[in-house]
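The structure file protein34.pdb is reproduced below (PDB, N, CA and C atoms).
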```
ATOM      1  N   MET A   1       9.131   6.165  27.330
ATOM      2  CA  MET A   1       9.933   5.299  26.502
ATOM      3  C   MET A   1       9.235   3.959  26.374
ATOM      4  N   GLY A   2       9.469   3.253  25.282
ATOM      5  CA  GLY A   2       8.809   1.983  25.009
ATOM      6  C   GLY A   2       9.479   0.831  25.727
ATOM      7  N   ASP A   3       9.298  -0.375  25.215
ATOM      8  CA  ASP A   3       9.914  -1.562  25.769
ATOM      9  C   ASP A   3      11.424  -1.470  25.621
ATOM     10  N   HIS A   4      12.124  -2.395  26.357
ATOM     11  CA  HIS A   4      13.574  -2.454  26.207
ATOM     12  C   HIS A   4      13.908  -2.639  24.730
ATOM     13  N   GLY A   5      14.871  -1.889  24.274
ATOM     14  CA  GLY A   5      15.275  -2.011  22.881
ATOM     15  C   GLY A   5      14.534  -1.082  21.952
ATOM     16  N   THR A   6      13.625  -0.298  22.483
ATOM     17  CA  THR A   6      12.918   0.666  21.642
ATOM     18  C   THR A   6      13.063   2.050  22.258
ATOM     19  N   THR A   7      12.879   3.026  21.431
ATOM     20  CA  THR A   7      12.868   4.406  21.910
ATOM     21  C   THR A   7      11.519   5.000  21.558
ATOM     22  N   ALA A   8      11.212   6.129  22.160
ATOM     23  CA  ALA A   8       9.940   6.788  21.859
ATOM     24  C   ALA A   8       9.852   7.132  20.377
ATOM     25  N   LYS A   9      10.984   7.532  19.804
ATOM     26  CA  LYS A   9      10.983   7.888  18.388
ATOM     27  C   LYS A   9      10.726   6.682  17.504
ATOM     28  N   THR A  10      11.329   5.541  17.825
ATOM     29  CA  THR A  10      11.090   4.370  16.981
ATOM     30  C   THR A  10       9.690   3.804  17.217
ATOM     31  N   ASP A  11       9.168   3.953  18.430
ATOM     32  CA  ASP A  11       7.768   3.579  18.656
ATOM     33  C   ASP A  11       6.850   4.417  17.756
ATOM     34  N   GLN A  12       7.153   5.707  17.689
ATOM     35  CA  GLN A  12       6.358   6.600  16.836
ATOM     36  C   GLN A  12       6.524   6.225  15.361
ATOM     37  N   LEU A  13       7.749   5.894  14.958
ATOM     38  CA  LEU A  13       7.987   5.459  13.580
ATOM     39  C   LEU A  13       7.156   4.220  13.250
ATOM     40  N   LYS A  14       7.182   3.250  14.149
ATOM     41  CA  LYS A  14       6.432   2.011  13.919
ATOM     42  C   LYS A  14       4.942   2.299  13.811
ATOM     43  N   THR A  15       4.444   3.173  14.667
ATOM     44  CA  THR A  15       3.030   3.541  14.614
ATOM     45  C   THR A  15       2.707   4.230  13.287
ATOM     46  N   SER A  16       3.566   5.145  12.889
ATOM     47  CA  SER A  16       3.338   5.884  11.644
ATOM     48  C   SER A  16       3.403   4.964  10.430
ATOM     49  N   PHE A  17       4.431   4.131  10.372
ATOM     50  CA  PHE A  17       4.543   3.222   9.235
ATOM     51  C   PHE A  17       3.450   2.160   9.252
ATOM     52  N   GLY A  18       2.956   1.823  10.426
ATOM     53  CA  GLY A  18       1.853   0.876  10.520
ATOM     54  C   GLY A  18       0.593   1.376   9.839
ATOM     55  N   LYS A  19       0.437   2.690   9.751
ATOM     56  CA  LYS A  19      -0.732   3.264   9.082
ATOM     57  C   LYS A  19      -0.731   2.971   7.585
ATOM     58  N   PHE A  20       0.432   2.681   7.029
ATOM     59  CA  PHE A  20       0.485   2.327   5.612
ATOM     60  C   PHE A  20      -0.246   1.011   5.348
ATOM     61  N   PHE A  21      -0.300   0.122   6.343
ATOM     62  CA  PHE A  21      -1.051  -1.120   6.185
ATOM     63  C   PHE A  21      -2.554  -0.832   6.119
ATOM     64  N   ASP A  22      -3.005   0.165   6.893
ATOM     65  CA  ASP A  22      -4.403   0.586   6.815
ATOM     66  C   ASP A  22      -4.708   1.156   5.434
ATOM     67  N   LEU A  23      -3.796   1.977   4.925
ATOM     68  CA  LEU A  23      -3.970   2.539   3.582
ATOM     69  C   LEU A  23      -4.002   1.433   2.531
ATOM     70  N   LYS A  24      -3.143   0.445   2.696
ATOM     71  CA  LYS A  24      -3.109  -0.692   1.768
ATOM     72  C   LYS A  24      -4.463  -1.381   1.722
ATOM     73  N   GLU A  25      -5.073  -1.575   2.889
ATOM     74  CA  GLU A  25      -6.378  -2.232   2.941
ATOM     75  C   GLU A  25      -7.468  -1.373   2.295
ATOM     76  N   MET A  26      -7.396  -0.056   2.488
ATOM     77  CA  MET A  26      -8.366   0.840   1.843
ATOM     78  C   MET A  26      -8.236   0.776   0.328
ATOM     79  N   VAL A  27      -7.013   0.773  -0.153
ATOM     80  CA  VAL A  27      -6.785   0.696  -1.599
ATOM     81  C   VAL A  27      -7.282  -0.646  -2.132
ATOM     82  N   ALA A  28      -7.110  -1.713  -1.364
ATOM     83  CA  ALA A  28      -7.608  -3.027  -1.784
ATOM     84  C   ALA A  28      -9.125  -3.006  -1.961
ATOM     85  N   LYS A  29      -9.825  -2.321  -1.056
ATOM     86  CA  LYS A  29     -11.286  -2.210  -1.179
ATOM     87  C   LYS A  29     -11.682  -1.412  -2.414
ATOM     88  N   VAL A  30     -10.969  -0.302  -2.660
ATOM     89  CA  VAL A  30     -11.251   0.515  -3.849
ATOM     90  C   VAL A  30     -10.970  -0.300  -5.105
ATOM     91  N   ASN A  31      -9.891  -1.072  -5.089
ATOM     92  CA  ASN A  31      -9.547  -1.894  -6.245
ATOM     93  C   ASN A  31     -10.620  -2.945  -6.511
ATOM     94  N   LYS A  32     -11.151  -3.524  -5.455
ATOM     95  CA  LYS A  32     -12.214  -4.521  -5.630
ATOM     96  C   LYS A  32     -13.431  -3.892  -6.314
ATOM     97  N   GLU A  33     -13.763  -2.679  -5.917
ATOM     98  CA  GLU A  33     -14.875  -1.973  -6.555
ATOM     99  C   GLU A  33     -14.556  -1.650  -8.019
ATOM    100  N   ALA A  34     -13.324  -1.237  -8.284
ATOM    101  CA  ALA A  34     -12.925  -0.928  -9.664
ATOM    102  C   ALA A  34     -12.987  -2.178 -10.533
ATOM    103  N   GLU A  35     -12.575  -3.308  -9.990
ATOM    104  CA  GLU A  35     -12.654  -4.559 -10.746
ATOM    105  C   GLU A  35     -14.108  -4.925 -11.045
ATOM    106  N   HIS A  36     -14.996  -4.694 -10.092
ATOM    107  CA  HIS A  36     -16.418  -4.947 -10.310
ATOM    108  C   HIS A  36     -16.959  -4.047 -11.436
ATOM    109  N   ILE A  37     -16.574  -2.787 -11.400
ATOM    110  CA  ILE A  37     -16.988  -1.853 -12.452
ATOM    111  C   ILE A  37     -16.431  -2.300 -13.800
ATOM    112  N   ASN A  38     -15.177  -2.748 -13.817
ATOM    113  CA  ASN A  38     -14.579  -3.244 -15.060
ATOM    114  C   ASN A  38     -15.367  -4.427 -15.611
ATOM    115  N   ASP A  39     -15.755  -5.349 -14.725
ATOM    116  CA  ASP A  39     -16.541  -6.504 -15.157
ATOM    117  C   ASP A  39     -17.874  -6.062 -15.750
ATOM    118  N   LEU A  40     -18.515  -5.099 -15.100
ATOM    119  CA  LEU A  40     -19.784  -4.587 -15.625
ATOM    120  C   LEU A  40     -19.586  -3.918 -16.981
ATOM    121  N   ASN A  41     -18.524  -3.144 -17.117
ATOM    122  CA  ASN A  41     -18.255  -2.459 -18.383
ATOM    123  C   ASN A  41     -18.089  -3.436 -19.535
ATOM    124  N   LEU A  42     -17.508  -4.580 -19.255
ATOM    125  CA  LEU A  42     -17.295  -5.564 -20.321
ATOM    126  C   LEU A  42     -18.608  -6.127 -20.842
ATOM    127  N   THR A  43     -19.636  -6.141 -20.014
ATOM    128  CA  THR A  43     -20.899  -6.732 -20.434
ATOM    129  C   THR A  43     -21.923  -5.717 -20.918
ATOM    130  N   VAL A  44     -21.843  -4.456 -20.455
ATOM    131  CA  VAL A  44     -22.906  -3.503 -20.784
ATOM    132  C   VAL A  44     -22.720  -2.797 -22.113
ATOM    133  N   GLY A  45     -21.510  -2.746 -22.607
ATOM    134  CA  GLY A  45     -21.265  -1.980 -23.826
ATOM    135  C   GLY A  45     -21.846  -2.609 -25.071
ATOM    136  N   GLY A  46     -21.940  -3.892 -25.080
ATOM    137  CA  GLY A  46     -22.436  -4.579 -26.261
ATOM    138  C   GLY A  46     -21.351  -4.750 -27.304
ATOM    139  N   SER A  47     -21.733  -5.364 -28.427
ATOM    140  CA  SER A  47     -20.740  -5.643 -29.470
ATOM    141  C   SER A  47     -21.095  -4.977 -30.801
ATOM    142  N   ASP A  48     -22.146  -4.155 -30.804
ATOM    143  CA  ASP A  48     -22.474  -3.427 -32.028
ATOM    144  C   ASP A  48     -21.519  -2.245 -32.189
ATOM    145  N   GLU A  49     -21.721  -1.406 -33.178
ATOM    146  CA  GLU A  49     -20.811  -0.289 -33.441
ATOM    147  C   GLU A  49     -20.721   0.666 -32.250
ATOM    148  N   ILE A  50     -21.851   0.973 -31.624
ATOM    149  CA  ILE A  50     -21.843   1.864 -30.456
ATOM    150  C   ILE A  50     -21.089   1.201 -29.303
ATOM    151  N   GLY A  51     -21.310  -0.084 -29.116
ATOM    152  CA  GLY A  51     -20.605  -0.816 -28.067
ATOM    153  C   GLY A  51     -19.104  -0.831 -28.303
ATOM    154  N   LYS A  52     -18.711  -1.000 -29.556
ATOM    155  CA  LYS A  52     -17.275  -0.988 -29.881
ATOM    156  C   LYS A  52     -16.671   0.381 -29.591
ATOM    157  N   GLN A  53     -17.392   1.436 -29.913
ATOM    158  CA  GLN A  53     -16.911   2.788 -29.613
ATOM    159  C   GLN A  53     -16.790   2.980 -28.097
ATOM    160  N   TYR A  54     -17.807   2.507 -27.393
ATOM    161  CA  TYR A  54     -17.790   2.603 -25.929
ATOM    162  C   TYR A  54     -16.546   1.903 -25.377
ATOM    163  N   HIS A  55     -16.347   0.662 -25.796
ATOM    164  CA  HIS A  55     -15.213  -0.112 -25.286
ATOM    165  C   HIS A  55     -13.874   0.509 -25.679
ATOM    166  N   SER A  56     -13.799   1.094 -26.865
ATOM    167  CA  SER A  56     -12.536   1.705 -27.284
ATOM    168  C   SER A  56     -12.171   2.899 -26.410
ATOM    169  N   GLN A  57     -13.161   3.535 -25.803
ATOM    170  CA  GLN A  57     -12.904   4.700 -24.963
ATOM    171  C   GLN A  57     -12.820   4.364 -23.476
ATOM    172  N   VAL A  58     -13.478   3.315 -23.052
ATOM    173  CA  VAL A  58     -13.603   3.034 -21.615
ATOM    174  C   VAL A  58     -12.677   1.918 -21.129
ATOM    175  N   ASP A  59     -12.523   0.880 -21.910
ATOM    176  CA  ASP A  59     -11.814  -0.312 -21.423
ATOM    177  C   ASP A  59     -10.379  -0.031 -20.989
ATOM    178  N   GLU A  60      -9.634   0.687 -21.796
ATOM    179  CA  GLU A  60      -8.240   0.941 -21.452
ATOM    180  C   GLU A  60      -8.125   1.771 -20.170
ATOM    181  N   GLY A  61      -8.974   2.773 -20.027
ATOM    182  CA  GLY A  61      -8.933   3.614 -18.827
ATOM    183  C   GLY A  61      -9.239   2.846 -17.569
ATOM    184  N   THR A  62     -10.216   1.957 -17.623
ATOM    185  CA  THR A  62     -10.545   1.191 -16.420
ATOM    186  C   THR A  62      -9.450   0.173 -16.103
ATOM    187  N   ARG A  63      -8.834  -0.402 -17.140
ATOM    188  CA  ARG A  63      -7.690  -1.303 -16.890
ATOM    189  C   ARG A  63      -6.528  -0.530 -16.283
ATOM    190  N   ASN A  64      -6.271   0.659 -16.794
ATOM    191  CA  ASN A  64      -5.184   1.480 -16.251
ATOM    192  C   ASN A  64      -5.444   1.844 -14.793
ATOM    193  N   LEU A  65      -6.694   2.157 -14.467
ATOM    194  CA  LEU A  65      -7.035   2.472 -13.081
ATOM    195  C   LEU A  65      -6.780   1.271 -12.180
ATOM    196  N   THR A  66      -7.192   0.102 -12.618
ATOM    197  CA  THR A  66      -6.976  -1.106 -11.827
ATOM    198  C   THR A  66      -5.485  -1.371 -11.644
ATOM    199  N   ASP A  67      -4.717  -1.227 -12.710
ATOM    200  CA  ASP A  67      -3.263  -1.418 -12.614
ATOM    201  C   ASP A  67      -2.640  -0.423 -11.632
ATOM    202  N   LEU A  68      -3.070   0.836 -11.716
ATOM    203  CA  LEU A  68      -2.555   1.862 -10.809
ATOM    204  C   LEU A  68      -2.879   1.525  -9.354
ATOM    205  N   LEU A  69      -4.096   1.089  -9.107
ATOM    206  CA  LEU A  69      -4.490   0.727  -7.743
ATOM    207  C   LEU A  69      -3.662  -0.447  -7.217
ATOM    208  N   LEU A  70      -3.363  -1.407  -8.074
ATOM    209  CA  LEU A  70      -2.518  -2.532  -7.652
ATOM    210  C   LEU A  70      -1.110  -2.062  -7.301
ATOM    211  N   LYS A  71      -0.582  -1.121  -8.082
ATOM    212  CA  LYS A  71       0.750  -0.587  -7.789
ATOM    213  C   LYS A  71       0.740   0.192  -6.477
ATOM    214  N   ILE A  72      -0.299   0.975  -6.253
ATOM    215  CA  ILE A  72      -0.397   1.729  -4.999
ATOM    216  C   ILE A  72      -0.493   0.758  -3.822
ATOM    217  N   HIS A  73      -1.289  -0.291  -3.983
ATOM    218  CA  HIS A  73      -1.455  -1.306  -2.946
ATOM    219  C   HIS A  73      -0.112  -1.925  -2.574
ATOM    220  N   SER A  74       0.648  -2.349  -3.571
ATOM    221  CA  SER A  74       1.932  -2.991  -3.281
ATOM    222  C   SER A  74       2.933  -1.982  -2.710
ATOM    223  N   THR A  75       2.851  -0.731  -3.141
ATOM    224  CA  THR A  75       3.745   0.297  -2.605
ATOM    225  C   THR A  75       3.437   0.568  -1.139
ATOM    226  N   MET A  76       2.164   0.649  -0.783
ATOM    227  CA  MET A  76       1.789   0.868   0.614
ATOM    228  C   MET A  76       2.300  -0.277   1.486
ATOM    229  N   ALA A  77       2.174  -1.505   0.994
ATOM    230  CA  ALA A  77       2.667  -2.654   1.758
ATOM    231  C   ALA A  77       4.181  -2.573   1.934
ATOM    232  N   ALA A  78       4.887  -2.239   0.857
ATOM    233  CA  ALA A  78       6.349  -2.166   0.926
ATOM    234  C   ALA A  78       6.808  -1.054   1.871
ATOM    235  N   VAL A  79       6.155   0.095   1.820
ATOM    236  CA  VAL A  79       6.534   1.199   2.699
ATOM    237  C   VAL A  79       6.297   0.808   4.158
ATOM    238  N   GLY A  80       5.170   0.183   4.437
ATOM    239  CA  GLY A  80       4.886  -0.253   5.807
ATOM    240  C   GLY A  80       5.906  -1.256   6.311
ATOM    241  N   GLU A  81       6.190  -2.269   5.488
ATOM    242  CA  GLU A  81       7.139  -3.302   5.896
ATOM    243  C   GLU A  81       8.546  -2.732   6.054
ATOM    244  N   ASN A  82       8.984  -1.951   5.076
ATOM    245  CA  ASN A  82      10.335  -1.385   5.143
ATOM    246  C   ASN A  82      10.466  -0.356   6.257
ATOM    247  N   GLY A  83       9.413   0.387   6.523
ATOM    248  CA  GLY A  83       9.438   1.356   7.612
ATOM    249  C   GLY A  83       9.567   0.677   8.963
ATOM    250  N   GLU A  84       8.827  -0.407   9.139
ATOM    251  CA  GLU A  84       8.948  -1.145  10.400
ATOM    252  C   GLU A  84      10.339  -1.769  10.534
ATOM    253  N   ALA A  85      10.880  -2.262   9.420
ATOM    254  CA  ALA A  85      12.233  -2.826   9.453
ATOM    255  C   ALA A  85      13.258  -1.737   9.794
ATOM    256  N   LEU A  86      13.055  -0.548   9.267
ATOM    257  CA  LEU A  86      13.941   0.576   9.590
ATOM    258  C   LEU A  86      13.896   0.884  11.086
ATOM    259  N   ALA A  87      12.697   0.946  11.638
ATOM    260  CA  ALA A  87      12.567   1.232  13.069
ATOM    261  C   ALA A  87      13.251   0.151  13.899
ATOM    262  N   ASP A  88      13.106  -1.121  13.489
ATOM    263  CA  ASP A  88      13.784  -2.210  14.202
ATOM    264  C   ASP A  88      15.308  -2.058  14.118
ATOM    265  N   THR A  89      15.805  -1.666  12.949
ATOM    266  CA  THR A  89      17.244  -1.460  12.774
ATOM    267  C   THR A  89      17.735  -0.325  13.667
ATOM    268  N   LEU A  90      16.958   0.745  13.734
ATOM    269  CA  LEU A  90      17.331   1.864  14.607
ATOM    270  C   LEU A  90      17.341   1.444  16.073
ATOM    271  N   ASP A  91      16.368   0.611  16.465
ATOM    272  CA  ASP A  91      16.348   0.098  17.837
ATOM    273  C   ASP A  91      17.601  -0.725  18.127
ATOM    274  N   LYS A  92      17.977  -1.595  17.179
ATOM    275  CA  LYS A  92      19.172  -2.423  17.364
ATOM    276  C   LYS A  92      20.425  -1.556  17.442
ATOM    277  N   ALA A  93      20.482  -0.528  16.617
ATOM    278  CA  ALA A  93      21.632   0.390  16.654
ATOM    279  C   ALA A  93      21.691   1.110  17.992
ATOM    280  N   ASN A  94      20.534   1.500  18.506
ATOM    281  CA  ASN A  94      20.483   2.157  19.813
ATOM    282  C   ASN A  94      20.967   1.213  20.913
ATOM    283  N   ASP A  95      20.513  -0.050  20.857
ATOM    284  CA  ASP A  95      20.963  -1.033  21.842
ATOM    285  C   ASP A  95      22.469  -1.241  21.736
ATOM    286  N   HIS A  96      22.960  -1.358  20.517
ATOM    287  CA  HIS A  96      24.399  -1.579  20.307
ATOM    288  C   HIS A  96      25.191  -0.379  20.841
ATOM    289  N   ALA A  97      24.724   0.817  20.571
ATOM    290  CA  ALA A  97      25.403   2.030  21.072
ATOM    291  C   ALA A  97      25.411   2.024  22.592
ATOM    292  N   GLY A  98      24.314   1.598  23.199
ATOM    293  CA  GLY A  98      24.256   1.513  24.664
ATOM    294  C   GLY A  98      25.245   0.512  25.216
ATOM    295  N   GLU A  99      25.393  -0.618  24.533
ATOM    296  CA  GLU A  99      26.361  -1.631  24.978
ATOM    297  C   GLU A  99      27.788  -1.107  24.847
ATOM    298  N   ILE A 100      28.067  -0.406  23.765
ATOM    299  CA  ILE A 100      29.396   0.157  23.564
ATOM    300  C   ILE A 100      29.683   1.207  24.633
ATOM    301  N   ALA A 101      28.678   1.993  24.967
ATOM    302  CA  ALA A 101      28.857   3.075  25.951
ATOM    303  C   ALA A 101      29.155   2.533  27.341
ATOM    304  N   LYS A 102      28.785   1.297  27.624
ATOM    305  CA  LYS A 102      29.045   0.693  28.943
ATOM    306  C   LYS A 102      30.528   0.407  29.159
ATOM    307  N   PHE A 103      31.269   0.278  28.052
ATOM    308  CA  PHE A 103      32.692  -0.056  28.182
ATOM    309  C   PHE A 103      33.467   1.110  28.564
TER     310      PHE A 103
END
```

Show me the file's structure as structure tokens.
Amino acid sequence: MGDHGTTAKTDQLKTSFGKFFDLKEMVAKVNKEAEHINDLNLTVGGSDEIGKQYHSQVDEGTRNLTDLLLKIHSTMAAVGENGEALADTLDKANDHAGEIAKF
């Protein structure tokens, strides 16, 4: 069992939800690379007819990828934070149940 106020299950929950922060950081690194690729795409296509065709096919997709990565990043952070808050709430409920059981 963990520290006072925690249970083995909530310790495991906290550990599991904590991994979402690691995932968030991995997605942030991938997003940084995608942004770099987007910056390169803006300069390499050129502005002639071929460049315009290139940009019409590539620019929207790379922007969509970046947007998706940002959404995944924020979702991973929210899941981690809310999961840890859930585990804390369960710990408090367990403590409260223990106090009630003493009566």

message: Env of region 62-74 of chain A: 7 Å cut, atoms = all atoms listed in the file, seq-sep filter 4 positions within chain, self excluded. Answer as a ChimeraX atom specification.
response: /A:23-25,27-28,31,34-35,38,57-58,78-79

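The coordinates place CA of Met26 (chain A) at 28.7 Å from atom C of Thr89 (chain A).
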
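Between atom C of Lys14 (chain A) and atom N of Gly83 (chain A) there is a distance of 8.8 Å.
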
query: Between A:Glu81, A:Asp48, A:Asp91, A:Glu33, which has the minimum distance to Thr10 (chain A) (counting only N, CA and C atoms)?
result: A:Asp91

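Across the model, the gap from atom N of His36 (chain A) to CA of Gly18 (chain A) is 27.2 Å.
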
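Each of A:Gly46, A:Gly80, A:Gly98, A:Gly51 was compared to Ser16 (chain A) using only N, CA and C atoms, and A:Gly80 turns out to be the nearest.
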
field: Expected selection from the PyMOL selection byres (((chain A and resi 88 and name CA) around 10) and name CA), given as number ranges by chain
entry: A: 5-6, 10-11, 13-14, 82-87, 89-94

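Distances from A:Ala8, A:Ala97, A:Met76, A:Val44 to Phe21 (chain A) were compared using all atoms listed in the file, and the smallest one belongs to A:Met76.
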
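Counting only N, CA and C atoms, the residue from A:Phe20, A:Leu42, A:His96, A:Lys29 that sits nearest to Asp59 (chain A) is A:Leu42.
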
Keeping just N, CA and C atoms, export region 19-48 of chain A of this structure as a JSON list (two decimals), in the first residue's frame.
```json
[["chain", "number", "residue", "atom", "x", "y", "z"],
["A", 19, "LYS", "N", 1.87, 8.60, -17.32],
["A", 19, "LYS", "CA", 2.47, 8.28, -18.62],
["A", 19, "LYS", "C", 1.91, 9.16, -19.74],
["A", 20, "PHE", "N", 0.73, 9.71, -19.53],
["A", 20, "PHE", "CA", 0.17, 10.61, -20.54],
["A", 20, "PHE", "C", 1.02, 11.88, -20.67],
["A", 21, "PHE", "N", 1.70, 12.28, -19.60],
["A", 21, "PHE", "CA", 2.60, 13.44, -19.68],
["A", 21, "PHE", "C", 3.81, 13.11, -20.56],
["A", 22, "ASP", "N", 4.29, 11.86, -20.47],
["A", 22, "ASP", "CA", 5.37, 11.43, -21.35],
["A", 22, "ASP", "C", 4.92, 11.45, -22.81],
["A", 23, "LEU", "N", 3.71, 10.96, -23.05],
["A", 23, "LEU", "CA", 3.16, 10.98, -24.41],
["A", 23, "LEU", "C", 3.01, 12.41, -24.91],
["A", 24, "LYS", "N", 2.57, 13.30, -24.04],
["A", 24, "LYS", "CA", 2.43, 14.71, -24.40],
["A", 24, "LYS", "C", 3.76, 15.28, -24.87],
["A", 25, "GLU", "N", 4.83, 14.95, -24.15],
["A", 25, "GLU", "CA", 6.15, 15.45, -24.52],
["A", 25, "GLU", "C", 6.62, 14.87, -25.85],
["A", 26, "MET", "N", 6.32, 13.59, -26.10],
["A", 26, "MET", "CA", 6.68, 12.98, -27.38],
["A", 26, "MET", "C", 5.94, 13.66, -28.53],
["A", 27, "VAL", "N", 4.67, 13.92, -28.33],
["A", 27, "VAL", "CA", 3.88, 14.59, -29.36],
["A", 27, "VAL", "C", 4.42, 16.01, -29.60],
["A", 28, "ALA", "N", 4.85, 16.68, -28.54],
["A", 28, "ALA", "CA", 5.43, 18.02, -28.69],
["A", 28, "ALA", "C", 6.67, 17.98, -29.57],
["A", 29, "LYS", "N", 7.50, 16.95, -29.40],
["A", 29, "LYS", "CA", 8.70, 16.81, -30.24],
["A", 29, "LYS", "C", 8.33, 16.56, -31.70],
["A", 30, "VAL", "N", 7.33, 15.69, -31.92],
["A", 30, "VAL", "CA", 6.88, 15.41, -33.29],
["A", 30, "VAL", "C", 6.30, 16.68, -33.90],
["A", 31, "ASN", "N", 5.56, 17.44, -33.12],
["A", 31, "ASN", "CA", 4.97, 18.68, -33.62],
["A", 31, "ASN", "C", 6.05, 19.68, -34.01],
["A", 32, "LYS", "N", 7.10, 19.75, -33.21],
["A", 32, "LYS", "CA", 8.20, 20.67, -33.54],
["A", 32, "LYS", "C", 8.82, 20.30, -34.89],
["A", 33, "GLU", "N", 8.98, 19.01, -35.13],
["A", 33, "GLU", "CA", 9.51, 18.56, -36.42],
["A", 33, "GLU", "C", 8.54, 18.88, -37.56],
["A", 34, "ALA", "N", 7.25, 18.68, -37.31],
["A", 34, "ALA", "CA", 6.24, 18.98, -38.34],
["A", 34, "ALA", "C", 6.24, 20.47, -38.66],
["A", 35, "GLU", "N", 6.38, 21.30, -37.65],
["A", 35, "GLU", "CA", 6.43, 22.75, -37.89],
["A", 35, "GLU", "C", 7.67, 23.12, -38.72],
["A", 36, "HIS", "N", 8.79, 22.47, -38.45],
["A", 36, "HIS", "CA", 10.00, 22.70, -39.23],
["A", 36, "HIS", "C", 9.78, 22.31, -40.70],
["A", 37, "ILE", "N", 9.15, 21.16, -40.90],
["A", 37, "ILE", "CA", 8.84, 20.71, -42.26],
["A", 37, "ILE", "C", 7.90, 21.70, -42.94],
["A", 38, "ASN", "N", 6.90, 22.19, -42.20],
["A", 38, "ASN", "CA", 5.98, 23.18, -42.76],
["A", 38, "ASN", "C", 6.72, 24.44, -43.20],
["A", 39, "ASP", "N", 7.66, 24.90, -42.36],
["A", 39, "ASP", "CA", 8.44, 26.08, -42.71],
["A", 39, "ASP", "C", 9.25, 25.84, -43.98],
["A", 40, "LEU", "N", 9.85, 24.66, -44.08],
["A", 40, "LEU", "CA", 10.61, 24.33, -45.29],
["A", 40, "LEU", "C", 9.71, 24.28, -46.51],
["A", 41, "ASN", "N", 8.53, 23.69, -46.36],
["A", 41, "ASN", "CA", 7.60, 23.59, -47.49],
["A", 41, "ASN", "C", 7.21, 24.96, -48.02],
["A", 42, "LEU", "N", 7.09, 25.93, -47.14],
["A", 42, "LEU", "CA", 6.70, 27.27, -47.57],
["A", 42, "LEU", "C", 7.76, 27.92, -48.45],
["A", 43, "THR", "N", 9.01, 27.53, -48.27],
["A", 43, "THR", "CA", 10.08, 28.17, -49.02],
["A", 43, "THR", "C", 10.53, 27.38, -50.24],
["A", 44, "VAL", "N", 10.35, 26.04, -50.24],
["A", 44, "VAL", "CA", 10.90, 25.24, -51.34],
["A", 44, "VAL", "C", 10.01, 25.15, -52.56],
["A", 45, "GLY", "N", 8.73, 25.37, -52.39],
["A", 45, "GLY", "CA", 7.82, 25.18, -53.51],
["A", 45, "GLY", "C", 7.95, 26.23, -54.60],
["A", 46, "GLY", "N", 8.34, 27.40, -54.23],
["A", 46, "GLY", "CA", 8.45, 28.47, -55.20],
["A", 46, "GLY", "C", 7.10, 29.11, -55.47],
["A", 47, "SER", "N", 7.11, 30.11, -56.36],
["A", 47, "SER", "CA", 5.87, 30.84, -56.64],
["A", 47, "SER", "C", 5.46, 30.75, -58.11],
["A", 48, "ASP", "N", 6.18, 29.94, -58.89],
["A", 48, "ASP", "CA", 5.77, 29.75, -60.28],
["A", 48, "ASP", "C", 4.58, 28.80, -60.34]]
```
